[in-house]
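Data from run-v9.cif: mmCIF, C-alpha atoms and all ligand atoms
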```
data_coords
#
loop_
_atom_site.group_PDB
_atom_site.id
_atom_site.type_symbol
_atom_site.label_atom_id
_atom_site.label_comp_id
_atom_site.auth_asym_id
_atom_site.auth_seq_id
_atom_site.Cartn_x
_atom_site.Cartn_y
_atom_site.Cartn_z
ATOM 1 C CA MET Y 18 -8.378 -31.043 11.351
ATOM 2 C CA ASN Y 19 -10.909 -31.844 8.653
ATOM 3 C CA GLN Y 20 -9.588 -32.972 5.273
ATOM 4 C CA PRO Y 21 -11.652 -31.134 2.664
ATOM 5 C CA ARG Y 22 -12.482 -32.562 -0.683
ATOM 6 C CA ILE Y 23 -10.252 -30.937 -3.297
ATOM 7 C CA LEU Y 24 -12.263 -30.072 -6.410
ATOM 8 C CA ASP Y 25 -9.823 -30.979 -9.166
ATOM 9 C CA GLY Y 26 -10.641 -28.637 -12.056
ATOM 10 C CA LYS Y 27 -7.787 -29.973 -14.118
ATOM 11 C CA ALA Y 28 -9.223 -33.501 -14.092
ATOM 12 C CA VAL Y 29 -12.801 -32.374 -14.781
ATOM 13 C CA ALA Y 30 -11.589 -30.083 -17.584
ATOM 14 C CA ALA Y 31 -9.703 -32.995 -19.158
ATOM 15 C CA THR Y 32 -12.954 -34.980 -19.332
ATOM 16 C CA VAL Y 33 -14.809 -32.018 -20.873
ATOM 17 C CA LEU Y 34 -12.014 -31.506 -23.399
ATOM 18 C CA GLU Y 35 -12.110 -35.175 -24.380
ATOM 19 C CA ALA Y 36 -15.831 -34.826 -25.132
ATOM 20 C CA CYS Y 37 -15.078 -31.644 -27.118
ATOM 21 C CA ARG Y 38 -12.474 -33.507 -29.167
ATOM 22 C CA ASN Y 39 -15.072 -36.146 -30.089
ATOM 23 C CA GLN Y 40 -17.665 -33.505 -30.958
ATOM 24 C CA ALA Y 41 -15.117 -31.690 -33.134
ATOM 25 C CA ALA Y 42 -14.452 -34.981 -34.966
ATOM 26 C CA ALA Y 43 -18.195 -35.385 -35.591
ATOM 27 C CA LEU Y 44 -18.299 -31.865 -37.063
ATOM 28 C CA HIS Y 45 -15.222 -32.598 -39.219
ATOM 29 C CA ALA Y 46 -17.189 -35.498 -40.729
ATOM 30 C CA GLN Y 47 -19.773 -32.909 -41.846
ATOM 31 C CA GLY Y 48 -17.048 -30.732 -43.364
ATOM 32 C CA ILE Y 49 -17.024 -28.245 -40.467
ATOM 33 C CA THR Y 50 -13.906 -27.271 -38.524
ATOM 34 C CA PRO Y 51 -14.735 -25.254 -35.396
ATOM 35 C CA GLY Y 52 -12.742 -22.019 -35.583
ATOM 36 C CA LEU Y 53 -11.813 -19.652 -32.744
ATOM 37 C CA ALA Y 54 -10.159 -16.242 -33.064
ATOM 38 C CA VAL Y 55 -8.460 -14.793 -30.005
ATOM 39 C CA VAL Y 56 -7.498 -11.132 -30.110
ATOM 40 C CA LEU Y 57 -4.943 -9.688 -27.705
ATOM 41 C CA VAL Y 58 -4.219 -5.979 -27.618
ATOM 42 C CA GLY Y 59 -1.047 -5.020 -25.763
ATOM 43 C CA GLU Y 60 1.416 -7.024 -23.736
ATOM 44 C CA ASP Y 61 -0.213 -7.839 -20.389
ATOM 45 C CA PRO Y 62 1.859 -10.879 -19.277
ATOM 46 C CA ALA Y 63 -1.059 -12.811 -17.725
ATOM 47 C CA SER Y 64 -3.184 -12.230 -20.855
ATOM 48 C CA GLN Y 65 -0.321 -13.521 -23.016
ATOM 49 C CA VAL Y 66 -0.311 -16.770 -21.003
ATOM 50 C CA TYR Y 67 -4.110 -17.167 -21.284
ATOM 51 C CA VAL Y 68 -4.162 -16.474 -25.031
ATOM 52 C CA GLY Y 69 -1.306 -18.931 -25.664
ATOM 53 C CA SER Y 70 -3.045 -21.658 -23.727
ATOM 54 C CA LYS Y 71 -6.342 -21.097 -25.582
ATOM 55 C CA ALA Y 72 -4.575 -21.496 -28.953
ATOM 56 C CA ARG Y 73 -2.764 -24.634 -27.740
ATOM 57 C CA THR Y 74 -5.997 -26.228 -26.524
ATOM 58 C CA CYS Y 75 -7.646 -25.517 -29.901
ATOM 59 C CA ALA Y 76 -4.809 -27.357 -31.664
ATOM 60 C CA GLU Y 77 -5.146 -30.351 -29.323
ATOM 61 C CA LEU Y 78 -8.870 -30.622 -30.068
ATOM 62 C CA GLY Y 79 -8.679 -30.285 -33.846
ATOM 63 C CA PHE Y 80 -10.099 -26.749 -33.891
ATOM 64 C CA TYR Y 81 -8.836 -24.061 -36.222
ATOM 65 C CA SER Y 82 -7.493 -21.151 -34.204
ATOM 66 C CA ARG Y 83 -6.265 -17.717 -35.105
ATOM 67 C CA LYS Y 84 -4.269 -15.680 -32.644
ATOM 68 C CA ILE Y 85 -4.240 -11.978 -33.432
ATOM 69 C CA VAL Y 86 -1.767 -9.980 -31.374
ATOM 70 C CA LEU Y 87 -2.020 -6.222 -31.821
ATOM 71 C CA PRO Y 88 0.255 -3.516 -30.390
ATOM 72 C CA ALA Y 89 -0.893 -1.592 -27.286
ATOM 73 C CA THR Y 90 -1.110 1.504 -29.514
ATOM 74 C CA THR Y 91 -3.886 -0.035 -31.670
ATOM 75 C CA SER Y 92 -6.744 2.454 -32.058
ATOM 76 C CA GLN Y 93 -10.398 1.791 -31.302
ATOM 77 C CA GLN Y 94 -11.122 2.054 -35.043
ATOM 78 C CA GLN Y 95 -8.398 -0.451 -35.969
ATOM 79 C CA LEU Y 96 -9.660 -2.930 -33.391
ATOM 80 C CA LEU Y 97 -13.235 -2.507 -34.639
ATOM 81 C CA GLU Y 98 -12.003 -3.271 -38.176
ATOM 82 C CA VAL Y 99 -10.367 -6.490 -36.939
ATOM 83 C CA VAL Y 100 -13.599 -7.545 -35.207
ATOM 84 C CA ARG Y 101 -15.678 -6.783 -38.319
ATOM 85 C CA GLY Y 102 -13.291 -8.854 -40.425
ATOM 86 C CA LEU Y 103 -13.713 -11.804 -38.053
ATOM 87 C CA ASN Y 104 -17.518 -11.366 -38.021
ATOM 88 C CA ALA Y 105 -17.498 -11.783 -41.813
ATOM 89 C CA ASP Y 106 -15.011 -14.680 -41.891
ATOM 90 C CA PRO Y 107 -16.752 -18.056 -42.400
ATOM 91 C CA ALA Y 108 -13.764 -19.981 -40.971
ATOM 92 C CA ILE Y 109 -14.294 -18.255 -37.607
ATOM 93 C CA HIS Y 110 -17.175 -19.368 -35.351
ATOM 94 C CA GLY Y 111 -15.978 -17.846 -32.080
ATOM 95 C CA ILE Y 112 -14.395 -14.454 -31.374
ATOM 96 C CA LEU Y 113 -12.768 -13.539 -28.084
ATOM 97 C CA VAL Y 114 -11.109 -10.200 -27.362
ATOM 98 C CA GLN Y 115 -8.954 -10.705 -24.295
ATOM 99 C CA SER Y 116 -9.871 -8.506 -21.341
ATOM 100 C CA PRO Y 117 -8.672 -6.088 -20.078
ATOM 101 C CA PRO Y 118 -7.698 -4.087 -23.180
ATOM 102 C CA PRO Y 119 -5.491 -0.965 -22.914
ATOM 103 C CA LYS Y 120 -7.184 2.001 -21.221
ATOM 104 C CA HIS Y 121 -7.833 4.012 -24.411
ATOM 105 C CA ILE Y 122 -10.031 1.191 -25.766
ATOM 106 C CA ASP Y 123 -13.792 1.355 -25.128
ATOM 107 C CA GLU Y 124 -14.297 -2.307 -24.265
ATOM 108 C CA GLU Y 125 -18.084 -2.061 -24.178
ATOM 109 C CA ALA Y 126 -18.170 -0.797 -27.790
ATOM 110 C CA ILE Y 127 -15.832 -3.599 -28.917
ATOM 111 C CA ILE Y 128 -18.046 -6.232 -27.277
ATOM 112 C CA ARG Y 129 -21.140 -4.775 -28.963
ATOM 113 C CA ALA Y 130 -19.341 -4.944 -32.333
ATOM 114 C CA ILE Y 131 -18.858 -8.722 -32.059
ATOM 115 C CA ASP Y 132 -21.531 -10.733 -33.895
ATOM 116 C CA PRO Y 133 -23.545 -12.163 -30.962
ATOM 117 C CA ARG Y 134 -23.659 -15.520 -32.760
ATOM 118 C CA LYS Y 135 -19.847 -15.619 -32.496
ATOM 119 C CA ASP Y 136 -19.611 -14.116 -28.982
ATOM 120 C CA VAL Y 137 -18.247 -17.214 -27.230
ATOM 121 C CA ASP Y 138 -17.416 -15.089 -24.151
ATOM 122 C CA GLY Y 139 -21.135 -14.374 -23.674
ATOM 123 C CA PHE Y 140 -20.452 -10.669 -23.011
ATOM 124 C CA HIS Y 141 -22.637 -9.159 -25.782
ATOM 125 C CA PRO Y 142 -25.911 -7.644 -24.463
ATOM 126 C CA GLU Y 143 -27.885 -10.139 -26.564
ATOM 127 C CA ASN Y 144 -26.195 -13.050 -24.775
ATOM 128 C CA VAL Y 145 -26.525 -11.358 -21.389
ATOM 129 C CA ALA Y 146 -30.280 -11.095 -22.078
ATOM 130 C CA LYS Y 147 -30.414 -14.771 -23.052
ATOM 131 C CA LEU Y 148 -28.686 -15.676 -19.780
ATOM 132 C CA VAL Y 149 -31.303 -13.715 -17.834
ATOM 133 C CA LEU Y 150 -34.047 -15.397 -19.890
ATOM 134 C CA GLU Y 151 -32.421 -18.851 -19.497
ATOM 135 C CA ASP Y 152 -32.414 -19.246 -23.286
ATOM 136 C CA PRO Y 153 -29.979 -22.078 -24.113
ATOM 137 C CA THR Y 154 -29.123 -20.652 -27.563
ATOM 138 C CA GLY Y 155 -27.100 -17.917 -25.826
ATOM 139 C CA PHE Y 156 -23.471 -18.214 -24.760
ATOM 140 C CA VAL Y 157 -22.766 -18.480 -21.038
ATOM 141 C CA PRO Y 158 -19.557 -16.715 -19.916
ATOM 142 C CA CYS Y 159 -16.795 -19.296 -19.582
ATOM 143 C CA THR Y 160 -15.602 -18.849 -15.997
ATOM 144 C CA PRO Y 161 -19.109 -18.909 -14.441
ATOM 145 C CA ALA Y 162 -20.017 -21.891 -16.647
ATOM 146 C CA GLY Y 163 -16.845 -23.615 -15.425
ATOM 147 C CA CYS Y 164 -17.759 -23.022 -11.763
ATOM 148 C CA MET Y 165 -21.243 -24.483 -12.292
ATOM 149 C CA ASN Y 166 -19.875 -27.462 -14.204
ATOM 150 C CA LEU Y 167 -17.387 -28.172 -11.435
ATOM 151 C CA LEU Y 168 -20.141 -28.095 -8.786
ATOM 152 C CA GLU Y 169 -22.356 -30.328 -10.901
ATOM 153 C CA VAL Y 170 -19.692 -32.948 -11.632
ATOM 154 C CA ALA Y 171 -18.732 -32.987 -7.938
ATOM 155 C CA GLY Y 172 -22.373 -33.689 -7.084
ATOM 156 C CA ILE Y 173 -22.658 -30.610 -4.886
ATOM 157 C CA ALA Y 174 -26.334 -29.757 -4.490
ATOM 158 C CA THR Y 175 -27.153 -26.111 -5.137
ATOM 159 C CA ALA Y 176 -30.959 -26.320 -4.803
ATOM 160 C CA GLY Y 177 -32.075 -24.414 -1.733
ATOM 161 C CA ALA Y 178 -28.475 -23.652 -0.741
ATOM 162 C CA GLU Y 179 -27.317 -20.217 0.404
ATOM 163 C CA ALA Y 180 -24.771 -19.099 -2.188
ATOM 164 C CA VAL Y 181 -22.679 -15.967 -1.711
ATOM 165 C CA VAL Y 182 -20.788 -14.553 -4.676
ATOM 166 C CA ILE Y 183 -18.107 -12.000 -3.799
ATOM 167 C CA GLY Y 184 -17.588 -9.787 -6.842
ATOM 168 C CA ARG Y 185 -19.988 -8.183 -9.324
ATOM 169 C CA SER Y 186 -17.976 -8.176 -12.555
ATOM 170 C CA MET Y 187 -19.668 -8.813 -15.872
ATOM 171 C CA ILE Y 188 -17.101 -11.563 -16.550
ATOM 172 C CA VAL Y 189 -17.722 -13.596 -13.387
ATOM 173 C CA GLY Y 190 -19.798 -12.278 -10.465
ATOM 174 C CA LYS Y 191 -23.029 -11.171 -12.137
ATOM 175 C CA PRO Y 192 -23.381 -14.044 -14.629
ATOM 176 C CA LEU Y 193 -22.472 -16.573 -11.944
ATOM 177 C CA ALA Y 194 -25.167 -15.193 -9.643
ATOM 178 C CA LEU Y 195 -27.684 -15.575 -12.486
ATOM 179 C CA LEU Y 196 -26.647 -19.184 -13.088
ATOM 180 C CA LEU Y 197 -26.908 -20.019 -9.384
ATOM 181 C CA VAL Y 198 -30.401 -18.541 -9.136
ATOM 182 C CA SER Y 199 -31.563 -20.151 -12.416
ATOM 183 C CA LYS Y 200 -34.244 -22.840 -12.472
ATOM 184 C CA ARG Y 201 -31.516 -25.380 -13.121
ATOM 185 C CA ALA Y 202 -29.552 -24.586 -9.923
ATOM 186 C CA ASN Y 203 -32.183 -23.080 -7.591
ATOM 187 C CA ALA Y 204 -29.766 -21.538 -5.086
ATOM 188 C CA THR Y 205 -30.585 -18.524 -2.901
ATOM 189 C CA VAL Y 206 -28.028 -15.950 -4.004
ATOM 190 C CA THR Y 207 -26.335 -12.952 -2.423
ATOM 191 C CA ILE Y 208 -23.956 -10.816 -4.468
ATOM 192 C CA ALA Y 209 -21.436 -9.092 -2.214
ATOM 193 C CA HIS Y 210 -18.877 -6.499 -3.312
ATOM 194 C CA SER Y 211 -16.407 -3.891 -2.120
ATOM 195 C CA ARG Y 212 -19.171 -1.684 -0.678
ATOM 196 C CA SER Y 213 -20.997 -4.467 1.146
ATOM 197 C CA ARG Y 214 -21.363 -3.861 4.880
ATOM 198 C CA ASP Y 215 -19.750 -6.566 7.061
ATOM 199 C CA LEU Y 216 -18.544 -8.837 4.282
ATOM 200 C CA PRO Y 217 -17.281 -11.535 6.685
ATOM 201 C CA ALA Y 218 -20.769 -11.854 8.225
ATOM 202 C CA ILE Y 219 -22.384 -12.180 4.779
ATOM 203 C CA CYS Y 220 -19.860 -14.859 3.798
ATOM 204 C CA ARG Y 221 -20.498 -16.812 7.010
ATOM 205 C CA ARG Y 222 -24.067 -17.422 5.775
ATOM 206 C CA ALA Y 223 -22.804 -19.245 2.696
ATOM 207 C CA ASP Y 224 -23.218 -22.956 2.093
ATOM 208 C CA ILE Y 225 -21.466 -22.222 -1.196
ATOM 209 C CA LEU Y 226 -19.005 -19.326 -1.209
ATOM 210 C CA ILE Y 227 -17.547 -18.060 -4.461
ATOM 211 C CA ALA Y 228 -14.713 -15.550 -4.402
ATOM 212 C CA ALA Y 229 -14.196 -13.566 -7.608
ATOM 213 C CA VAL Y 230 -12.564 -10.302 -6.611
ATOM 214 C CA GLY Y 231 -8.899 -10.494 -7.607
ATOM 215 C CA ARG Y 232 -7.482 -9.793 -4.161
ATOM 216 C CA PRO Y 233 -4.899 -12.304 -2.989
ATOM 217 C CA GLU Y 234 -6.018 -14.357 0.036
ATOM 218 C CA MET Y 235 -8.736 -11.915 1.057
ATOM 219 C CA VAL Y 236 -11.168 -14.579 2.312
ATOM 220 C CA LYS Y 237 -10.077 -15.677 5.791
ATOM 221 C CA ALA Y 238 -10.955 -18.626 8.016
ATOM 222 C CA ASP Y 239 -13.386 -16.628 10.171
ATOM 223 C CA TRP Y 240 -15.463 -15.813 7.036
ATOM 224 C CA ILE Y 241 -16.338 -19.473 6.555
ATOM 225 C CA LYS Y 242 -19.305 -21.444 7.820
ATOM 226 C CA PRO Y 243 -17.887 -24.844 8.791
ATOM 227 C CA GLY Y 244 -18.743 -27.411 6.130
ATOM 228 C CA ALA Y 245 -19.092 -24.819 3.333
ATOM 229 C CA VAL Y 246 -18.061 -25.404 -0.275
ATOM 230 C CA VAL Y 247 -15.561 -22.759 -1.403
ATOM 231 C CA ILE Y 248 -14.911 -21.922 -5.052
ATOM 232 C CA ASP Y 249 -11.905 -19.671 -5.586
ATOM 233 C CA VAL Y 250 -11.984 -17.857 -8.932
ATOM 234 C CA GLY Y 251 -8.991 -15.597 -8.191
ATOM 235 C CA ILE Y 252 -5.718 -16.042 -10.047
ATOM 236 C CA ASN Y 253 -3.362 -13.482 -8.495
ATOM 237 C CA ARG Y 254 0.349 -13.101 -9.096
ATOM 238 C CA VAL Y 255 2.232 -12.306 -5.895
ATOM 239 C CA ALA Y 256 5.963 -11.683 -5.674
ATOM 240 C CA ASP Y 257 7.961 -14.743 -4.595
ATOM 241 C CA PRO Y 258 11.733 -14.466 -4.875
ATOM 242 C CA THR Y 259 12.132 -18.233 -4.295
ATOM 243 C CA LYS Y 260 10.466 -18.890 -7.697
ATOM 244 C CA LYS Y 261 12.353 -18.717 -10.984
ATOM 245 C CA SER Y 262 9.583 -16.542 -12.444
ATOM 246 C CA GLY Y 263 9.755 -14.235 -9.416
ATOM 247 C CA TYR Y 264 6.087 -14.812 -8.585
ATOM 248 C CA ARG Y 265 3.599 -17.445 -7.490
ATOM 249 C CA LEU Y 266 -0.119 -17.775 -8.177
ATOM 250 C CA THR Y 267 -2.583 -17.476 -5.330
ATOM 251 C CA GLY Y 268 -6.356 -17.297 -5.161
ATOM 252 C CA ASP Y 269 -8.730 -14.879 -3.437
ATOM 253 C CA VAL Y 270 -8.995 -17.355 -0.552
ATOM 254 C CA ALA Y 271 -6.383 -17.850 2.204
ATOM 255 C CA TYR Y 272 -6.280 -21.536 1.289
ATOM 256 C CA GLU Y 273 -4.141 -22.902 4.125
ATOM 257 C CA GLU Y 274 -6.371 -21.538 6.896
ATOM 258 C CA VAL Y 275 -9.702 -21.904 5.060
ATOM 259 C CA ALA Y 276 -9.365 -25.439 3.626
ATOM 260 C CA PRO Y 277 -9.595 -27.313 6.972
ATOM 261 C CA LEU Y 278 -13.027 -25.752 7.602
ATOM 262 C CA CYS Y 279 -14.526 -26.685 4.241
ATOM 263 C CA ALA Y 280 -16.420 -29.692 2.940
ATOM 264 C CA ALA Y 281 -14.860 -28.979 -0.451
ATOM 265 C CA ILE Y 282 -12.587 -26.338 -1.979
ATOM 266 C CA THR Y 283 -10.949 -25.535 -5.313
ATOM 267 C CA PRO Y 284 -7.163 -25.145 -5.415
ATOM 268 C CA VAL Y 285 -5.343 -22.318 -7.233
ATOM 269 C CA PRO Y 286 -3.926 -23.182 -9.665
ATOM 270 C CA GLY Y 287 -5.773 -26.288 -10.904
ATOM 271 C CA GLY Y 288 -9.321 -25.375 -9.845
ATOM 272 C CA VAL Y 289 -11.521 -23.004 -11.825
ATOM 273 C CA GLY Y 290 -8.746 -21.913 -14.252
ATOM 274 C CA PRO Y 291 -8.645 -25.055 -16.409
ATOM 275 C CA MET Y 292 -12.464 -25.174 -16.447
ATOM 276 C CA THR Y 293 -12.635 -21.725 -18.079
ATOM 277 C CA ILE Y 294 -10.736 -22.874 -21.171
ATOM 278 C CA ALA Y 295 -12.778 -26.088 -21.373
ATOM 279 C CA MET Y 296 -16.000 -24.032 -21.375
ATOM 280 C CA LEU Y 297 -14.580 -21.766 -24.097
ATOM 281 C CA MET Y 298 -14.053 -24.839 -26.258
ATOM 282 C CA GLN Y 299 -17.640 -25.979 -25.547
ATOM 283 C CA ASN Y 300 -18.956 -22.553 -26.499
ATOM 284 C CA THR Y 301 -16.947 -22.598 -29.732
ATOM 285 C CA LEU Y 302 -18.502 -25.963 -30.631
ATOM 286 C CA GLN Y 303 -21.950 -24.531 -29.865
ATOM 287 C CA ALA Y 304 -21.218 -21.544 -32.133
ATOM 288 C CA ALA Y 305 -19.975 -23.797 -34.943
ATOM 289 C CA ARG Y 306 -23.124 -25.928 -34.706
ATOM 290 C CA GLN Y 307 -25.538 -22.993 -34.501
ATOM 291 C CA LEU Y 308 -23.861 -21.090 -37.372
ATOM 292 C CA SER Y 309 -23.871 -24.192 -39.568
ATOM 293 C CA SER Y 310 -27.478 -25.249 -39.033
HETATM 294 N N1 LIG X 401 -9.967 -12.000 -19.069
HETATM 295 C C1 LIG X 401 -10.128 -12.774 -17.964
HETATM 296 N N2 LIG X 401 -11.086 -13.687 -18.167
HETATM 297 C C2 LIG X 401 -11.540 -13.506 -19.420
HETATM 298 C C3 LIG X 401 -12.536 -14.160 -20.215
HETATM 299 O O1 LIG X 401 -13.219 -15.099 -19.806
HETATM 300 N N3 LIG X 401 -12.704 -13.663 -21.465
HETATM 301 C C4 LIG X 401 -11.988 -12.624 -21.957
HETATM 302 N N4 LIG X 401 -12.234 -12.199 -23.203
HETATM 303 N N5 LIG X 401 -11.064 -12.002 -21.248
HETATM 304 C C5 LIG X 401 -10.844 -12.450 -19.986
#
```

What would the structure in this file look like if it were written as structure tokens?
Amino acid sequence: MNQPRILDGKAVAATVLEACRNQAAALHAQGITPGLAVVLVGEDPASQVYVGSKARTCAELGFYSRKIVLPATTSQQQLLEVVRGLNADPAIHGILVQSPPPKHIDEEAIIRAIDPRKDVDGFHPENVAKLVLEDPTGFVPCTPAGCMNLLEVAGIATAGAEAVVIGRSMIVGKPLALLLVSKRANATVTIAHSRSRDLPAICRRADILIAAVGRPEMVKADWIKPGAVVIDVGINRVADPTKKSGYRLTGDVAYEEVAPLCAAITPVPGGVGPMTIAMLMQNTLQAARQLSS
């Protein structure tokens, strides 16, 4: 059996975070402290973990962070008021409203209310347009940016490669497809989704396969072209009574059967996950610089 290369997102993220710490110190010397506000509405347990880890990373890097936890009953109007307050707050350079919000919240309207210059998630239409236009003043969504960074650091060539992205979300699938097809990466890109005909056959074309669907272990061994690079964006909680928490984390890829076929693969956890937070910190630095210049 082939031993694939394990793409260690935790190690790459640590290097990125070290660079962010140094850049934050350089900004401090100019009297600027990068500031990130993270807003969580409701009590989704996974979101609570993500928000906590974002605040912790800010502290480690010398960023100012503000965690705003609102009850699940918060109204659209109340949430809009919070966002407007953060837009006007000079100590805050980046604003992130954790997704998904409760069902009664119109997420699209909340995203549009965020000042695009502080939209470190890159979800505002102005930043989506800048991604399409390849304008570097825009913010690139963190998880797609993390996937690209991981490929780049690993020296995996994307130019001319067949890349298949499974998933068409605005958080991962669509922006990632745009990054892969950009003039920087030059991949040939297919976006597959739940309505795609013969998904396994589409995936078998991929030199680079990216799974971003949120279905535990959906991608099987017979979906893989031997020698492919597999990036697993999924972080799924599945019940596991042998664990103290009662669950374990698994990706969208059936890792055990897929890994032996790959040239390289990301683990879950420890692959794309840590890269997402590192990219959020990079985006917050970019926002602090752009707002201060
Ligand atoms: N939920 C899952 N990923 C993300 C992300 O990158 N940003 C926000 N705001 N919410 C998320």

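If only C-alpha atoms and all ligand atoms are the atoms counted, then among Y:Pro217, Y:Pro291, Y:Pro258, Y:Pro107 the closest residue to ligand LIG 401 (chain X) is Y:Pro291.
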
Open item on the list: Evaluated on this file, the PyMOL selection byres (((chain Y and resi 77) around 12) and not hetatm) picks out some residues - which ones are they, written as a PyMOL selection string?
Closed with: chain Y and resi 31+34-35+37-39+41-42+70-76+78-82+295+298

- [ ] For the file shown, report as a list in words the outcome of the PyMOL selection byres (((chain Y and resi 87) around 8) and not hetatm) at residue level.
- [x] Val56, Leu57, Val58, Gly59, Ile85, Val86, Pro88, Ala89 and Thr91 of chain Y

Task: Spatial neighbours of stretch 47-53 of chain Y, max dist 7 Å, all atoms listed in the file, sep filter under 3 positions, as a PyMOL selection string - done: chain Y and resi 41+43-44+80-83+108-112+301-302+305

Centre and edge lengths, as lines of an AutoDock Vina configuration file, for the axis-aligned box enclosing every listed atom of stretch 292-298 of chain Y with 3 Å of padding on each of the six sides, in Å to one decimal?
```
center_x = -13.4
center_y = -23.9
center_z = -21.4
size_x = 11.3
size_y = 10.4
size_z = 15.8
```

Task: Contacts of ligand LIG 401 (chain X), 10 Å or closer, only C-alpha atoms and all ligand atoms, given as number ranges by chain - done: Y: 55-57, 63-64, 67-68, 112-118, 128, 136-140, 158-161, 187-189, 252, 290, 293-294, 296-297

TODO: Run the PyMOL selection byres (((chain Y and resi 219) around 12) and not hetatm) on the file and write out the hits as a list in words.
DONE: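 Taken on the displayed file, the PyMOL selection byres (((chain Y and resi 219) around 12) and not hetatm) yields the residues Glu179, Ala180, Val181, Val182, Ile183, Val206, Thr207, Ile208, Ala209, His210, Ser213, Arg214, Asp215, Leu216, Pro217, Ala218, Cys220, Arg221, Arg222, Ala223, Asp224, Ile225, Leu226, Ile227, Val236, Asp239, Trp240, Ile241 and Lys242 of chain Y.
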
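If you look at atom CA of Y:Leu308 and atom CA of Y:Ala54, they are 15.2 Å away from each other.
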
- [ ] Enter the distance from atom CA of Y:Ala174 to atom CA of Y:Val198, in Å, rounded to one decimal.
- [x]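 It comes out at 12.8 Å.
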
Task: 6 Å contact set for Y:Val246, all atoms listed in the file, chain neighbours under 4 positions out, as an MDAnalysis selection string - done: chainID Y and resid 225 279:282

File dump, residues just selected, C-alpha atoms, as a PDB file, in the frame of the given file:
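Final file, part_25.pdb:
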```
ATOM      1  CA  ILE Y 225     -21.466 -22.222  -1.196  1.00  0.00           C
ATOM      2  CA  CYS Y 279     -14.526 -26.685   4.241  1.00  0.00           C
ATOM      3  CA  ALA Y 280     -16.420 -29.692   2.940  1.00  0.00           C
ATOM      4  CA  ALA Y 281     -14.860 -28.979  -0.451  1.00  0.00           C
ATOM      5  CA  ILE Y 282     -12.587 -26.338  -1.979  1.00  0.00           C
TER       6      ILE Y 282
END
```

- [ ] Write out as a ChimeraX atom specification each polymer residue whose atoms come within 12 Å of stretch 286-289 of chain Y, counting only C-alpha atoms; drop sequence neighbours fewer than 6 positions from it.
- [x] /Y:23-31,159-168,189,227-229,247-254,265-270,272,295-296

- [ ] Could you check how far atom CA of Y:Val99 sits from atom CA of Y:Leu148, in Å to one decimal?
- [x]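 Spanning atom CA of Y:Val99 to atom CA of Y:Leu148 is a straight-line distance of 26.7 Å.
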
Open item on the list: From the options Y:Val285, Y:Met292, Y:Leu96, Y:Leu193, which residue's atoms come nearest to Y:Asp123, counting only C-alpha atoms?
Closed with: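 Checking each of Y:Val285, Y:Met292, Y:Leu96, Y:Leu193 against Y:Asp123, counting only C-alpha atoms, the winner is Y:Leu96.
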
Task: For Y:Lys147, the nearest of the candidates Y:Ala36, Y:Leu195, Y:Leu103, Y:Ala238, counting all atoms listed in the file - done: Y:Leu195

- [ ] Go through Y:Lys191, Y:Val149, Y:Asn19, Y:Arg201 and flag the residue nearest Y:Glu169, using all atoms listed in the file for the distances.
- [x]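 Of Y:Lys191, Y:Val149, Y:Asn19, Y:Arg201, the one nearest Y:Glu169, counting all atoms listed in the file, is Y:Arg201.
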
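Across Y:Gly184, Y:Pro21, Y:Gly155, Y:Pro119, the tightest approach to Y:Glu60 is made by Y:Pro119 when counting all atoms listed in the file.
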